[in-house]
Structures are given as structure tokens and as C-alpha cells.
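Pasting start_4.txt here (compact mmCIF, C-alpha atoms and all ligand atoms):
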```
# COMPACT_ATOMS: atom_id res chain seq x y z
CA PRO A 1 11.87 -5.10 24.15
CA PHE A 2 8.31 -5.13 25.46
CA CYS A 3 5.02 -5.28 23.59
CA PHE A 4 1.30 -5.21 24.35
CA ALA A 5 -0.43 -8.54 23.61
CA ASP A 6 -3.52 -10.21 25.06
CA GLY A 7 -4.20 -7.17 27.21
CA GLN A 8 -0.81 -7.07 28.90
CA ILE A 9 2.65 -5.66 28.48
CA VAL A 10 4.97 -8.63 28.05
CA PRO A 11 8.44 -9.33 26.61
CA THR A 12 7.95 -9.12 22.83
CA ALA A 13 9.51 -12.54 22.28
CA SER A 14 6.81 -14.17 24.41
CA ALA A 15 3.81 -12.80 22.41
CA THR A 16 2.02 -15.42 20.33
CA LEU A 17 -0.41 -15.65 17.42
CA HIS A 18 -2.66 -18.66 16.93
CA PRO A 19 -1.88 -20.51 13.67
CA THR A 20 -5.49 -20.22 12.47
CA ASP A 21 -5.63 -16.43 12.94
CA LEU A 22 -7.11 -14.74 9.86
CA GLY A 23 -4.09 -12.46 9.71
CA LEU A 24 -2.03 -15.51 8.88
CA ILE A 25 -4.35 -17.73 6.87
CA ARG A 26 -6.23 -15.03 4.91
CA GLY A 27 -3.95 -12.00 5.13
CA TYR A 28 -6.76 -10.17 6.95
CA GLY A 29 -5.59 -7.51 9.35
CA ILE A 30 -4.88 -3.82 9.75
CA PHE A 31 -2.05 -1.83 11.27
CA ASP A 32 -0.60 1.59 11.77
CA PHE A 33 2.87 2.87 12.44
CA PHE A 34 4.17 6.10 13.97
CA ARG A 35 7.38 7.58 15.32
CA THR A 36 8.42 8.89 18.69
CA VAL A 37 10.46 12.07 18.84
CA ASP A 38 12.12 12.70 22.19
CA TYR A 39 9.81 10.14 23.84
CA LYS A 40 6.65 11.72 22.38
CA PRO A 41 4.45 9.98 19.82
CA LEU A 42 4.36 12.20 16.74
CA PHE A 43 0.87 13.14 15.44
CA LEU A 44 -0.64 10.42 17.67
CA ASP A 45 -4.22 11.66 17.29
CA ASN A 46 -4.02 11.38 13.51
CA TYR A 47 -2.60 7.86 13.63
CA LEU A 48 -5.20 6.71 16.18
CA ASP A 49 -8.00 8.17 14.04
CA ARG A 50 -6.75 6.23 11.03
CA PHE A 51 -6.16 3.00 13.00
CA ILE A 52 -9.65 3.05 14.55
CA ALA A 53 -11.19 3.87 11.15
CA SER A 54 -9.32 0.94 9.54
CA ALA A 55 -10.64 -1.42 12.25
CA GLU A 56 -14.21 -0.19 11.75
CA ARG A 57 -14.07 -0.46 7.99
CA THR A 58 -12.68 -4.00 8.06
CA PHE A 59 -15.23 -5.11 10.72
CA ILE A 60 -12.47 -6.34 13.03
CA PRO A 61 -13.55 -5.59 16.60
CA LEU A 62 -10.93 -3.49 18.37
CA PRO A 63 -11.27 -4.52 21.99
CA TYR A 64 -9.78 -1.31 23.45
CA SER A 65 -10.89 2.31 23.62
CA ARG A 66 -8.88 5.20 22.26
CA GLU A 67 -7.98 6.20 25.84
CA GLU A 68 -6.78 2.69 26.66
CA LEU A 69 -4.67 2.58 23.49
CA THR A 70 -3.12 5.94 24.36
CA GLU A 71 -2.28 4.76 27.87
CA VAL A 72 -0.66 1.58 26.58
CA ILE A 73 1.37 3.53 24.01
CA TYR A 74 2.82 5.86 26.64
CA GLU A 75 3.57 2.91 28.90
CA LEU A 76 5.38 1.11 26.07
CA ILE A 77 7.44 4.20 25.23
CA GLU A 78 8.57 4.34 28.85
CA LYS A 79 9.19 0.59 29.24
CA ASN A 80 11.18 0.44 25.99
CA ASP A 81 13.03 3.72 26.68
CA LEU A 82 11.91 4.71 23.17
CA LYS A 83 13.44 8.17 22.68
CA GLU A 84 13.50 8.02 18.87
CA GLY A 85 11.75 4.93 17.56
CA GLY A 86 8.74 3.43 15.90
CA ILE A 87 5.53 1.98 17.37
CA ARG A 88 3.50 -0.49 15.35
CA MET A 89 -0.10 -1.35 16.21
CA VAL A 90 -1.35 -4.49 14.49
CA LEU A 91 -4.93 -5.73 14.70
CA SER A 92 -5.16 -9.19 13.23
CA GLY A 93 -8.46 -10.68 12.01
CA GLY A 94 -8.48 -13.18 14.87
CA ILE A 95 -9.67 -16.73 15.18
CA SER A 96 -12.69 -17.39 12.97
CA GLU A 97 -15.16 -20.27 13.24
CA ASN A 98 -15.46 -20.63 9.48
CA HIS A 99 -11.86 -19.61 8.82
CA PHE A 100 -13.17 -16.63 6.88
CA SER A 101 -15.43 -14.15 8.73
CA PRO A 102 -13.59 -11.76 11.06
CA GLY A 103 -13.42 -13.01 14.66
CA GLU A 104 -12.41 -11.14 17.80
CA GLY A 105 -9.52 -8.93 16.73
CA LYS A 106 -6.13 -9.74 18.17
CA LEU A 107 -4.13 -6.61 19.00
CA PHE A 108 -0.37 -6.24 19.27
CA ILE A 109 1.42 -2.97 19.93
CA PHE A 110 5.19 -3.09 19.81
CA ALA A 111 8.29 -0.92 19.57
CA GLU A 112 10.66 -1.00 16.62
CA SER A 113 13.94 0.67 15.87
CA LEU A 114 13.67 3.07 12.95
CA ILE A 115 15.38 2.48 9.64
CA PHE A 116 15.70 5.78 7.77
CA PRO A 117 16.97 5.94 4.17
CA SER A 118 20.67 6.91 3.94
CA GLU A 119 21.56 10.63 3.66
CA GLU A 120 22.97 9.84 0.22
CA LYS A 121 19.42 9.09 -1.01
CA TYR A 122 18.19 12.48 0.21
CA GLN A 123 21.06 14.18 -1.62
CA ASN A 124 20.79 12.33 -4.92
CA GLY A 125 17.15 11.29 -4.98
CA ILE A 126 15.81 7.83 -5.74
CA LYS A 127 14.43 5.92 -8.70
CA LEU A 128 10.88 4.48 -8.83
CA LEU A 129 9.48 1.91 -11.25
CA THR A 130 5.90 2.25 -12.41
CA LEU A 131 3.67 -0.74 -11.69
CA GLU A 132 0.02 -1.17 -12.67
CA TYR A 133 -1.68 -1.97 -9.37
CA VAL A 134 -4.03 -0.69 -6.73
CA ARG A 135 -3.90 -1.88 -3.13
CA PRO A 136 -7.16 -3.58 -2.16
CA VAL A 137 -9.32 -0.89 -0.50
CA ALA A 138 -6.41 1.53 -0.72
CA GLU A 139 -7.66 4.00 1.89
CA ILE A 140 -7.55 1.33 4.61
CA LYS A 141 -4.18 0.49 6.14
CA THR A 142 -4.39 -3.27 5.72
CA THR A 143 -1.45 -5.57 6.36
CA ASN A 144 -1.59 -6.83 2.77
CA TYR A 145 1.66 -5.76 1.09
CA ALA A 146 2.18 -9.14 -0.58
CA LEU A 147 2.59 -7.87 -4.14
CA ALA A 148 5.07 -5.18 -3.09
CA VAL A 149 7.15 -7.60 -1.04
CA TRP A 150 7.12 -10.06 -3.92
CA HIS A 151 8.25 -7.45 -6.45
CA SER A 152 10.88 -5.85 -4.25
CA ALA A 153 13.72 -8.20 -5.22
CA GLY A 154 13.21 -7.14 -8.85
CA TRP A 155 13.29 -3.38 -8.14
CA LYS A 156 16.62 -3.62 -6.43
CA LYS A 157 18.14 -5.37 -9.46
CA GLN A 158 16.99 -2.41 -11.57
CA GLY A 159 18.52 0.16 -9.24
CA ALA A 160 15.13 1.32 -7.99
CA GLU A 161 14.19 2.10 -4.43
CA ASP A 162 10.49 1.37 -4.79
CA VAL A 163 7.51 1.33 -7.15
CA LEU A 164 4.96 3.91 -8.22
CA TYR A 165 1.51 2.40 -8.59
CA HIS A 166 -0.71 3.52 -11.44
CA GLN A 167 -4.10 2.53 -12.81
CA GLY A 168 -3.93 3.06 -16.55
CA ASN A 169 -2.92 6.66 -17.08
CA TYR A 170 -3.44 7.66 -13.42
CA ILE A 171 -0.79 7.61 -10.73
CA SER A 172 -1.68 6.82 -7.12
CA GLU A 173 1.07 6.10 -4.58
CA SER A 174 4.26 4.19 -3.86
CA SER A 175 4.22 0.86 -2.01
CA ARG A 176 4.62 2.47 1.43
CA SER A 177 4.56 6.20 0.68
CA ASN A 178 2.51 8.94 -0.93
CA PHE A 179 3.60 10.69 -4.10
CA PHE A 180 3.93 14.38 -5.01
CA LEU A 181 4.90 16.32 -8.12
CA VAL A 182 6.13 19.90 -8.16
CA LYS A 183 5.25 22.09 -11.15
CA ASN A 184 5.96 25.83 -11.25
CA GLY A 185 6.50 25.86 -7.48
CA GLU A 186 3.15 24.21 -6.71
CA LEU A 187 2.50 20.77 -5.24
CA ILE A 188 0.25 18.26 -6.95
CA THR A 189 -0.73 14.96 -5.32
CA PRO A 190 -3.18 12.20 -6.31
CA ASP A 191 -6.60 12.18 -4.68
CA SER A 192 -7.71 8.56 -5.02
CA ASN A 193 -6.59 4.94 -4.71
CA ILE A 194 -4.24 6.01 -1.92
CA LEU A 195 -3.72 5.73 1.79
CA LEU A 196 -4.30 9.17 3.30
CA GLY A 197 -0.79 9.57 4.71
CA ILE A 198 -0.22 11.53 7.88
CA THR A 199 3.10 12.79 6.50
CA ARG A 200 1.34 13.79 3.26
CA LYS A 201 -1.12 15.87 5.26
CA TYR A 202 1.60 17.59 7.26
CA VAL A 203 3.75 18.31 4.19
CA MET A 204 0.73 19.94 2.52
CA GLU A 205 0.29 22.11 5.62
CA LEU A 206 3.96 23.11 5.55
CA ALA A 207 3.67 23.97 1.86
CA GLY A 208 0.56 26.06 2.43
CA GLY A 209 -1.58 23.71 0.36
CA ALA A 210 -1.44 21.46 -2.68
CA HIS A 211 -3.55 20.56 -5.69
CA VAL A 212 -5.23 17.30 -4.68
CA ARG A 213 -6.61 15.82 -7.88
CA PRO A 214 -6.11 13.02 -10.43
CA VAL A 215 -2.50 12.98 -11.67
CA THR A 216 -1.57 11.48 -15.05
CA MET A 217 1.53 9.66 -16.24
CA GLN A 218 2.08 12.47 -18.75
CA GLU A 219 2.45 14.98 -15.93
CA ILE A 220 5.54 13.13 -14.70
CA ARG A 221 7.28 14.10 -17.96
CA ASP A 222 6.53 17.76 -17.44
CA ALA A 223 7.25 17.89 -13.70
CA ASP A 224 10.01 20.03 -12.19
CA GLU A 225 10.42 17.82 -9.13
CA ALA A 226 8.92 14.75 -7.49
CA PHE A 227 9.07 13.21 -4.01
CA ILE A 228 7.48 10.60 -1.78
CA THR A 229 6.38 11.00 1.84
CA SER A 230 5.96 8.55 4.70
CA THR A 231 6.47 8.21 8.43
CA THR A 232 9.89 6.61 8.03
CA LYS A 233 11.11 8.45 4.92
CA VAL A 234 9.65 11.86 5.81
CA LEU A 235 10.16 13.42 2.35
CA LEU A 236 12.45 11.64 -0.09
CA PRO A 237 13.23 13.24 -3.48
CA VAL A 238 12.49 11.14 -6.59
CA THR A 239 14.83 11.94 -9.50
CA GLN A 240 14.03 9.10 -11.88
CA ILE A 241 10.87 7.17 -12.82
CA ASP A 242 11.53 4.18 -15.09
CA ASP A 243 13.96 5.58 -17.70
CA LEU A 244 12.83 9.15 -17.29
CA LYS A 245 14.82 11.77 -15.39
CA ILE A 246 12.62 14.15 -13.39
CA GLY A 247 13.35 17.85 -13.90
CA SER A 248 17.09 18.48 -13.66
CA GLY A 249 17.71 14.91 -12.45
CA LYS A 250 18.68 16.26 -9.02
CA PRO A 251 16.53 16.92 -5.94
CA GLY A 252 14.93 20.33 -6.44
CA PRO A 253 14.60 23.40 -4.21
CA VAL A 254 10.91 22.91 -3.30
CA SER A 255 11.48 19.31 -2.16
CA LEU A 256 14.63 20.13 -0.21
CA GLY A 257 13.07 23.25 1.30
CA LEU A 258 10.08 21.28 2.60
CA LEU A 259 12.33 18.51 3.94
CA GLU A 260 14.41 21.08 5.81
CA LYS A 261 11.29 22.74 7.20
CA PHE A 262 9.91 19.36 8.34
CA ARG A 263 13.17 18.44 10.06
CA GLN A 264 13.36 21.79 11.83
CA LYS A 265 9.78 21.69 13.08
CA VAL A 266 9.44 18.01 13.90
CA GLY A 267 12.78 16.20 13.93
N1 LIG B 301 3.61 3.01 5.34
N2 LIG B 301 0.81 4.65 1.41
C1 LIG B 301 0.99 3.40 1.89
C2 LIG B 301 0.50 2.25 1.10
C3 LIG B 301 1.65 3.20 3.14
O1 LIG B 301 1.81 1.97 3.62
C4 LIG B 301 2.12 4.34 3.87
C5 LIG B 301 2.82 4.17 5.18
C6 LIG B 301 1.92 5.63 3.31
C7 LIG B 301 2.38 6.88 4.02
O2 LIG B 301 1.60 7.14 5.17
P1 LIG B 301 2.20 7.87 6.45
O3 LIG B 301 2.76 9.18 6.00
O4 LIG B 301 1.02 8.04 7.33
O5 LIG B 301 3.27 7.00 7.04
C8 LIG B 301 1.25 5.73 2.09
C9 LIG B 301 4.21 2.71 6.62
C10 LIG B 301 5.28 3.68 7.01
C11 LIG B 301 4.70 1.26 6.64
O6 LIG B 301 4.45 0.55 5.68
O7 LIG B 301 5.30 0.87 7.63
```
For the file at hand, write its structure as C-alpha cells.
Amino acid sequence: PFCFADGQIVPTASATLHPTDLGLIRGYGIFDFFRTVDYKPLFLDNYLDRFIASAERTFIPLPYSREELTEVIYELIEKNDLKEGGIRMVLSGGISENHFSPGEGKLFIFAESLIFPSEEKYQNGIKLLTLEYVRPVAEIKTTNYALAVWHSAGWKKQGAEDVLYHQGNYISESSRSNFFLVKNGELITPDSNILLGITRKYVMELAGGAHVRPVTMQEIRDADEAFITSTTKVLLPVTQIDDLKIGSGKPGPVSLGLLEKFRQKVG
């Protein structure tokens, strides 16, 4: 595979990061991740908007224009023969004189193979565990997933696929996905302490809208259905949260209908 590093397309294995880069020593960096469908980057404009906004908000200089990034992305898709795959753009904090303030950003763009959840999970739904947490500056796509990675061994032991973050009585998102409830045929999704997911946005469009507002833990008990959305999961039904079964305990018609619609329209 080939990646973009230090302004050039090179074999991915030859790309390097300096050991004092802030990404490594302070966990300071941003990224974004999108899919290709039949060699085309899906919703590229949305992902580039978010990536550039993350760079600006973290004060990491992004040394390439939007047009240059787009050109590199298409070149990488061709070089990697990436018919159906993932592209990750990572902007690391760079080398810093005081080992703290952001330096010149160091950009990598590379291809990845996609790992989708098994079809069995779409048919039966998954379990989430609630966890009191909010990602630092949640609306920025930082590379800091340390708590989630650390906890992940524990979820698996409890038969859970992932976590559902909450702040007191308010739900926000899963570790790498956005969260939705369905009540009386309508979608409800949290409005704060979240990353504004591109999949979330598209699913709301497909559904003809959603109630975007604070969502409480109590509402989980009364929900008919629940699901999470992300680039790699698309829309994955949630049938259990902690010890509580959601709705009938099976993926519901609204979730499955939207998943089907997404797959038909997008792939
Ligand atoms: N994760 N919330 C968080 C914290 C995320 O990391 C992601 C994406 C989402 C969903 O956003 P989108 O629909 O734009 O993918 C929500 C990516 C897939 C990752 O961690 O690789």
C-alpha cells in the first residue's frame, strides 16, 4: 500500500514519525476517516470540511489546501486500487520546541481495508454499556481515544460491542459512533457533547428529519428502538443497554428500513 507523507506518495511502510512529535508524546492530533464506494470517496466534501475545521480549532497548521488534499486523495485511491476501502487522514501536532505548543502539523493520508461488523450483528443488534465520560472537545475529531481503547477489553468480557457515553442523566454518543433512539416512529438524537457524524447527518436526511435535542437516560427505557451510526458501521441496531432490553429486544422496523435505504442509495 501507498500513503501520503512529507508531501509525497510513498510506500506506507516507509513513512516515519519523529519520536518527539506531539501526536506521540502529548496525544495531540486530529484525523478523519471516510470510505470509497466503487473508487469514489463517499461524502468527501463533508469529511474535508470537518477535517479542516478540526485542524483550525486545534491550531495545528495544515500545510495543504483543500484542492491539494482532494488531488492527493484521488491519486491514492488510484495507486492503491481502492475500490471499496477506507482513507484515513491524520494530522499530528508535529515537532514542538517546548514539547507542548503545536508545531508544524505532520500530515499522513493512507488507505485501509474496511472492517464492517458481521451480518449477525445487524440481524440481532448489539449491546452497549453506559459509561460516564465526555471526549475532550467532543465536536473535534481528535486522535484521543485512550479511555475507549483502555476500556474495550472490559466491554468484550461483558458481551458488549461498545459503550454509550453519558454525562449524568444525559446521553451523548458511543466511542466511535453517534446514537439514535426511535420513539413512535420518530428519530431522536443528542445535540451536544458529540462529534457531528457525517453518517448521522445522512441518516437524518434519509429519515426526513430527527429531533436533535438533549436525550436522557430515562428515555432509553421508553424507546421503541435504538441504533448507532458511523462511517464503518453505517447503521447498527442496539438491542440492549446495560441490563435493559430496548423495545422488543430485536432490531426494529425503523432501524432496518433506514439501513436498507442507506445500502440501496450508497452501498
Ligand atoms: N469514528 N463519534 C465519534 C467519537 C467518532 O469517532 C465517530 C467516527 C463518529 C461517527 O462519525 P461518522 O459518521 O462521520 O463516521 C461519532 C470513526 C469511524 C473512527 O473512529 O474511525
Per-axis box centre and lengths in Å around ligand LIG 301 (chain B), 8 Å margin per side, axis-aligned, as JSON:
```
{"center_x": 2.9, "center_y": 4.9, "center_z": 4.4, "size_x": 20.8, "size_y": 24.6, "size_z": 22.5}
```
Enumerate residues in contact with ligand LIG 301 (chain B): an atom-to-atom distance of at most 9 Å, counting all atoms listed in the file. Format the result as an mmCIF file with C-alpha atoms, in the frame of the given file.
```cif
data_model
loop_
_atom_site.group_PDB
_atom_site.id
_atom_site.type_symbol
_atom_site.label_atom_id
_atom_site.label_comp_id
_atom_site.auth_asym_id
_atom_site.auth_seq_id
_atom_site.Cartn_x
_atom_site.Cartn_y
_atom_site.Cartn_z
ATOM 1 C CA PHE A 31 -2.050 -1.830 11.270
ATOM 2 C CA ASP A 32 -0.600 1.590 11.770
ATOM 3 C CA PHE A 33 2.870 2.870 12.440
ATOM 4 C CA PHE A 34 4.170 6.100 13.970
ATOM 5 C CA ASN A 46 -4.020 11.380 13.510
ATOM 6 C CA TYR A 47 -2.600 7.860 13.630
ATOM 7 C CA ARG A 50 -6.750 6.230 11.030
ATOM 8 C CA ARG A 88 3.500 -0.490 15.350
ATOM 9 C CA ARG A 135 -3.900 -1.880 -3.130
ATOM 10 C CA ALA A 138 -6.410 1.530 -0.720
ATOM 11 C CA GLU A 139 -7.660 4.000 1.890
ATOM 12 C CA ILE A 140 -7.550 1.330 4.610
ATOM 13 C CA LYS A 141 -4.180 0.490 6.140
ATOM 14 C CA THR A 142 -4.390 -3.270 5.720
ATOM 15 C CA THR A 143 -1.450 -5.570 6.360
ATOM 16 C CA TYR A 145 1.660 -5.760 1.090
ATOM 17 C CA GLU A 173 1.070 6.100 -4.580
ATOM 18 C CA SER A 174 4.260 4.190 -3.860
ATOM 19 C CA SER A 175 4.220 0.860 -2.010
ATOM 20 C CA ARG A 176 4.620 2.470 1.430
ATOM 21 C CA SER A 177 4.560 6.200 0.680
ATOM 22 C CA ASN A 178 2.510 8.940 -0.930
ATOM 23 C CA PHE A 179 3.600 10.690 -4.100
ATOM 24 C CA ILE A 194 -4.240 6.010 -1.920
ATOM 25 C CA LEU A 195 -3.720 5.730 1.790
ATOM 26 C CA LEU A 196 -4.300 9.170 3.300
ATOM 27 C CA GLY A 197 -0.790 9.570 4.710
ATOM 28 C CA ILE A 198 -0.220 11.530 7.880
ATOM 29 C CA THR A 199 3.100 12.790 6.500
ATOM 30 C CA ARG A 200 1.340 13.790 3.260
ATOM 31 C CA LYS A 201 -1.120 15.870 5.260
ATOM 32 C CA TYR A 202 1.600 17.590 7.260
ATOM 33 C CA ILE A 228 7.480 10.600 -1.780
ATOM 34 C CA THR A 229 6.380 11.000 1.840
ATOM 35 C CA SER A 230 5.960 8.550 4.700
ATOM 36 C CA THR A 231 6.470 8.210 8.430
ATOM 37 C CA THR A 232 9.890 6.610 8.030
ATOM 38 C CA LYS A 233 11.110 8.450 4.920
ATOM 39 C CA VAL A 234 9.650 11.860 5.810
#
```
### For atom CA of A:Val137 and atom CA of A:Ala210, the interatomic separation in Å (one decimal)
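About the pair atom CA of A:Val137 and atom CA of A:Ala210: they are 23.8 Å apart.
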### Query
What is the distance between atom CA of A:Phe2 and atom CA of A:Ile109, in Å to one decimal?
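Taking atom CA of A:Phe2 as the start and atom CA of A:Ile109 as the end point, the length is 9.1 Å.
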### Message
Would you pick out the contacts of A:Glu186 at 9 Å or less, using only C-alpha atoms, so that residues sharing its chain but fewer than 6 positions from it are not included, and give the list as a list in words?
### Response
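Near neighbours after the sequence-gap exclusion: Ala207, Gly209, Ala210, His211 and Val254 of chain A.
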### Query
With distances taken over all atoms listed in the file, which of A:Ser192, A:Gly27, A:Asp49, A:Phe59 is nearest to A:Ala146?
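Using all atoms listed in the file, A:Ala146 sits closest to A:Gly27.
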### Task
May I have the residues at most 10 Å from (10.0, 10.8, -5.6) in the file's coordinates, counting all atoms listed in the file, as a VMD selection string?
chain A and resid 125 to 128 161 to 164 174 177 to 181 225 to 229 235 to 241 246 251 255
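Every protein, DNA or RNA residue with an atom at most 10 Å from A:Gly267, where all atoms listed in the file count and chain neighbours fewer than 3 positions away do not, is listed here: Thr36, Val37, Asp38, Leu42, Glu84, Val234, Glu260, Lys261, Phe262, Arg263 and Gln264 of chain A.
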## Note on the structure
Expressed in Å, the length from atom CA of A:Ile52 to atom CA of A:Leu259 is 28.9 Å
### Selection near A:Thr70, 10 Å with only C-alpha atoms, sequence-local residues under 4 positions removed, as an MDAnalysis selection string
chainID A and resid 41 44:45 48 64:66 74:76
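With only C-alpha atoms as the atoms that count, the residue of A:Ser172, A:Pro253, A:Asn124, A:Ala13 with the shortest distance to A:Val215 is A:Ser172.
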### Task
Using only C-alpha atoms, pick whichever of A:His18, A:Lys183, A:Arg213, A:Arg221 has the shortest atom-to-atom distance to A:Lys106.
A:His18
### Query
With only C-alpha atoms as the basis for distance, which of A:Ile115, A:Ala15, A:Val203, A:Ala5 is at the shortest distance from A:Leu69?
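Under the stated criterion, the closest residue is A:Ala5.
Closest approach to A:Leu107 among A:Ser92, A:Gln158, A:Thr12, A:Asn80 is made by A:Ser92 (distances from all atoms listed in the file).
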### Task
Would you please work out which residue, of A:Gln218, A:Glu112, A:Leu131, A:His99, is nearest to A:Gly154 when using only C-alpha atoms?
A:Leu131
Subset file: stretch 86-118 of chain A, N, CA and C atoms, as a PDB file, in the first residue's frame:
```pdb
ATOM      1  N   GLY A  86     -11.104   2.240   2.982  1.00  0.00           N
ATOM      2  CA  GLY A  86     -11.141   3.398   3.850  1.00  0.00           C
ATOM      3  C   GLY A  86      -9.922   4.268   3.602  1.00  0.00           C
ATOM      4  N   ILE A  87     -10.088   5.581   3.779  1.00  0.00           N
ATOM      5  CA  ILE A  87      -8.948   6.506   3.713  1.00  0.00           C
ATOM      6  C   ILE A  87      -8.910   7.258   5.033  1.00  0.00           C
ATOM      7  N   ARG A  88      -7.735   7.251   5.655  1.00  0.00           N
ATOM      8  CA  ARG A  88      -7.569   7.964   6.916  1.00  0.00           C
ATOM      9  C   ARG A  88      -6.610   9.140   6.692  1.00  0.00           C
ATOM     10  N   MET A  89      -7.027  10.304   7.143  1.00  0.00           N
ATOM     11  CA  MET A  89      -6.149  11.484   7.107  1.00  0.00           C
ATOM     12  C   MET A  89      -5.798  11.776   8.562  1.00  0.00           C
ATOM     13  N   VAL A  90      -4.527  11.841   8.861  1.00  0.00           N
ATOM     14  CA  VAL A  90      -4.099  12.114  10.239  1.00  0.00           C
ATOM     15  C   VAL A  90      -3.186  13.331  10.225  1.00  0.00           C
ATOM     16  N   LEU A  91      -3.511  14.318  11.043  1.00  0.00           N
ATOM     17  CA  LEU A  91      -2.648  15.493  11.173  1.00  0.00           C
ATOM     18  C   LEU A  91      -2.139  15.512  12.611  1.00  0.00           C
ATOM     19  N   SER A  92      -0.865  15.190  12.741  1.00  0.00           N
ATOM     20  CA  SER A  92      -0.273  15.102  14.068  1.00  0.00           C
ATOM     21  C   SER A  92       0.258  16.473  14.488  1.00  0.00           C
ATOM     22  N   GLY A  93       0.322  16.711  15.782  1.00  0.00           N
ATOM     23  CA  GLY A  93       0.707  18.018  16.321  1.00  0.00           C
ATOM     24  C   GLY A  93       2.073  18.514  15.879  1.00  0.00           C
ATOM     25  N   GLY A  94       2.938  17.623  15.473  1.00  0.00           N
ATOM     26  CA  GLY A  94       4.249  17.995  14.944  1.00  0.00           C
ATOM     27  C   GLY A  94       5.314  18.152  16.012  1.00  0.00           C
ATOM     28  N   ILE A  95       6.481  18.549  15.564  1.00  0.00           N
ATOM     29  CA  ILE A  95       7.610  18.716  16.480  1.00  0.00           C
ATOM     30  C   ILE A  95       7.504  20.100  17.118  1.00  0.00           C
ATOM     31  N   SER A  96       7.610  20.144  18.433  1.00  0.00           N
ATOM     32  CA  SER A  96       7.375  21.376  19.176  1.00  0.00           C
ATOM     33  C   SER A  96       8.614  21.719  19.988  1.00  0.00           C
ATOM     34  N   GLU A  97       9.006  23.020  19.917  1.00  0.00           N
ATOM     35  CA  GLU A  97      10.212  23.451  20.632  1.00  0.00           C
ATOM     36  C   GLU A  97      10.118  23.181  22.120  1.00  0.00           C
ATOM     37  N   ASN A  98       8.950  23.486  22.694  1.00  0.00           N
ATOM     38  CA  ASN A  98       8.795  23.308  24.141  1.00  0.00           C
ATOM     39  C   ASN A  98       8.087  21.996  24.491  1.00  0.00           C
ATOM     40  N   HIS A  99       7.964  21.129  23.498  1.00  0.00           N
ATOM     41  CA  HIS A  99       7.323  19.826  23.702  1.00  0.00           C
ATOM     42  C   HIS A  99       5.883  19.966  24.186  1.00  0.00           C
ATOM     43  N   PHE A 100       5.252  21.078  23.774  1.00  0.00           N
ATOM     44  CA  PHE A 100       3.885  21.324  24.248  1.00  0.00           C
ATOM     45  C   PHE A 100       3.035  22.103  23.237  1.00  0.00           C
ATOM     46  N   SER A 101       3.520  23.265  22.782  1.00  0.00           N
ATOM     47  CA  SER A 101       2.732  24.081  21.852  1.00  0.00           C
ATOM     48  C   SER A 101       2.764  23.446  20.461  1.00  0.00           C
ATOM     49  N   PRO A 102       1.618  23.454  19.761  1.00  0.00           N
ATOM     50  CA  PRO A 102       1.586  22.828  18.437  1.00  0.00           C
ATOM     51  C   PRO A 102       2.679  23.376  17.516  1.00  0.00           C
ATOM     52  N   GLY A 103       3.325  22.470  16.783  1.00  0.00           N
ATOM     53  CA  GLY A 103       4.355  22.861  15.821  1.00  0.00           C
ATOM     54  C   GLY A 103       3.766  22.889  14.429  1.00  0.00           C
ATOM     55  N   GLU A 104       4.601  22.617  13.418  1.00  0.00           N
ATOM     56  CA  GLU A 104       4.117  22.444  12.057  1.00  0.00           C
ATOM     57  C   GLU A 104       3.410  21.104  12.028  1.00  0.00           C
ATOM     58  N   GLY A 105       2.168  21.067  11.592  1.00  0.00           N
ATOM     59  CA  GLY A 105       1.458  19.793  11.555  1.00  0.00           C
ATOM     60  C   GLY A 105       2.132  18.795  10.632  1.00  0.00           C
ATOM     61  N   LYS A 106       2.037  17.530  10.994  1.00  0.00           N
ATOM     62  CA  LYS A 106       2.594  16.485  10.128  1.00  0.00           C
ATOM     63  C   LYS A 106       1.434  15.636   9.603  1.00  0.00           C
ATOM     64  N   LEU A 107       1.267  15.670   8.281  1.00  0.00           N
ATOM     65  CA  LEU A 107       0.089  15.032   7.675  1.00  0.00           C
ATOM     66  C   LEU A 107       0.424  13.678   7.054  1.00  0.00           C
ATOM     67  N   PHE A 108      -0.427  12.706   7.366  1.00  0.00           N
ATOM     68  CA  PHE A 108      -0.388  11.404   6.690  1.00  0.00           C
ATOM     69  C   PHE A 108      -1.775  11.142   6.099  1.00  0.00           C
ATOM     70  N   ILE A 109      -1.806  10.633   4.903  1.00  0.00           N
ATOM     71  CA  ILE A 109      -3.086  10.152   4.347  1.00  0.00           C
ATOM     72  C   ILE A 109      -2.820   8.734   3.855  1.00  0.00           C
ATOM     73  N   PHE A 110      -3.593   7.790   4.335  1.00  0.00           N
ATOM     74  CA  PHE A 110      -3.316   6.409   3.925  1.00  0.00           C
ATOM     75  C   PHE A 110      -4.583   5.586   3.740  1.00  0.00           C
ATOM     76  N   ALA A 111      -4.439   4.516   2.980  1.00  0.00           N
ATOM     77  CA  ALA A 111      -5.560   3.628   2.668  1.00  0.00           C
ATOM     78  C   ALA A 111      -5.629   2.517   3.703  1.00  0.00           C
ATOM     79  N   GLU A 112      -6.856   2.093   3.989  1.00  0.00           N
ATOM     80  CA  GLU A 112      -7.044   0.979   4.927  1.00  0.00           C
ATOM     81  C   GLU A 112      -8.085   0.039   4.347  1.00  0.00           C
ATOM     82  N   SER A 113      -7.983  -1.251   4.698  1.00  0.00           N
ATOM     83  CA  SER A 113      -9.105  -2.113   4.330  1.00  0.00           C
ATOM     84  C   SER A 113     -10.196  -1.907   5.368  1.00  0.00           C
ATOM     85  N   LEU A 114     -11.435  -2.087   4.956  1.00  0.00           N
ATOM     86  CA  LEU A 114     -12.564  -1.812   5.836  1.00  0.00           C
ATOM     87  C   LEU A 114     -12.921  -3.045   6.645  1.00  0.00           C
ATOM     88  N   ILE A 115     -13.248  -2.821   7.915  1.00  0.00           N
ATOM     89  CA  ILE A 115     -13.724  -3.924   8.747  1.00  0.00           C
ATOM     90  C   ILE A 115     -15.157  -3.589   9.163  1.00  0.00           C
ATOM     91  N   PHE A 116     -16.109  -4.198   8.493  1.00  0.00           N
ATOM     92  CA  PHE A 116     -17.529  -3.984   8.839  1.00  0.00           C
ATOM     93  C   PHE A 116     -17.929  -4.973   9.934  1.00  0.00           C
ATOM     94  N   PRO A 117     -18.911  -4.604  10.779  1.00  0.00           N
ATOM     95  CA  PRO A 117     -19.447  -5.583  11.730  1.00  0.00           C
ATOM     96  C   PRO A 117     -20.061  -6.763  10.956  1.00  0.00           C
ATOM     97  N   SER A 118     -20.124  -7.930  11.588  1.00  0.00           N
ATOM     98  CA  SER A 118     -20.680  -9.115  10.915  1.00  0.00           C
ATOM     99  C   SER A 118     -22.179  -8.919  10.669  1.00  0.00           C
TER     100      SER A 118
END
```
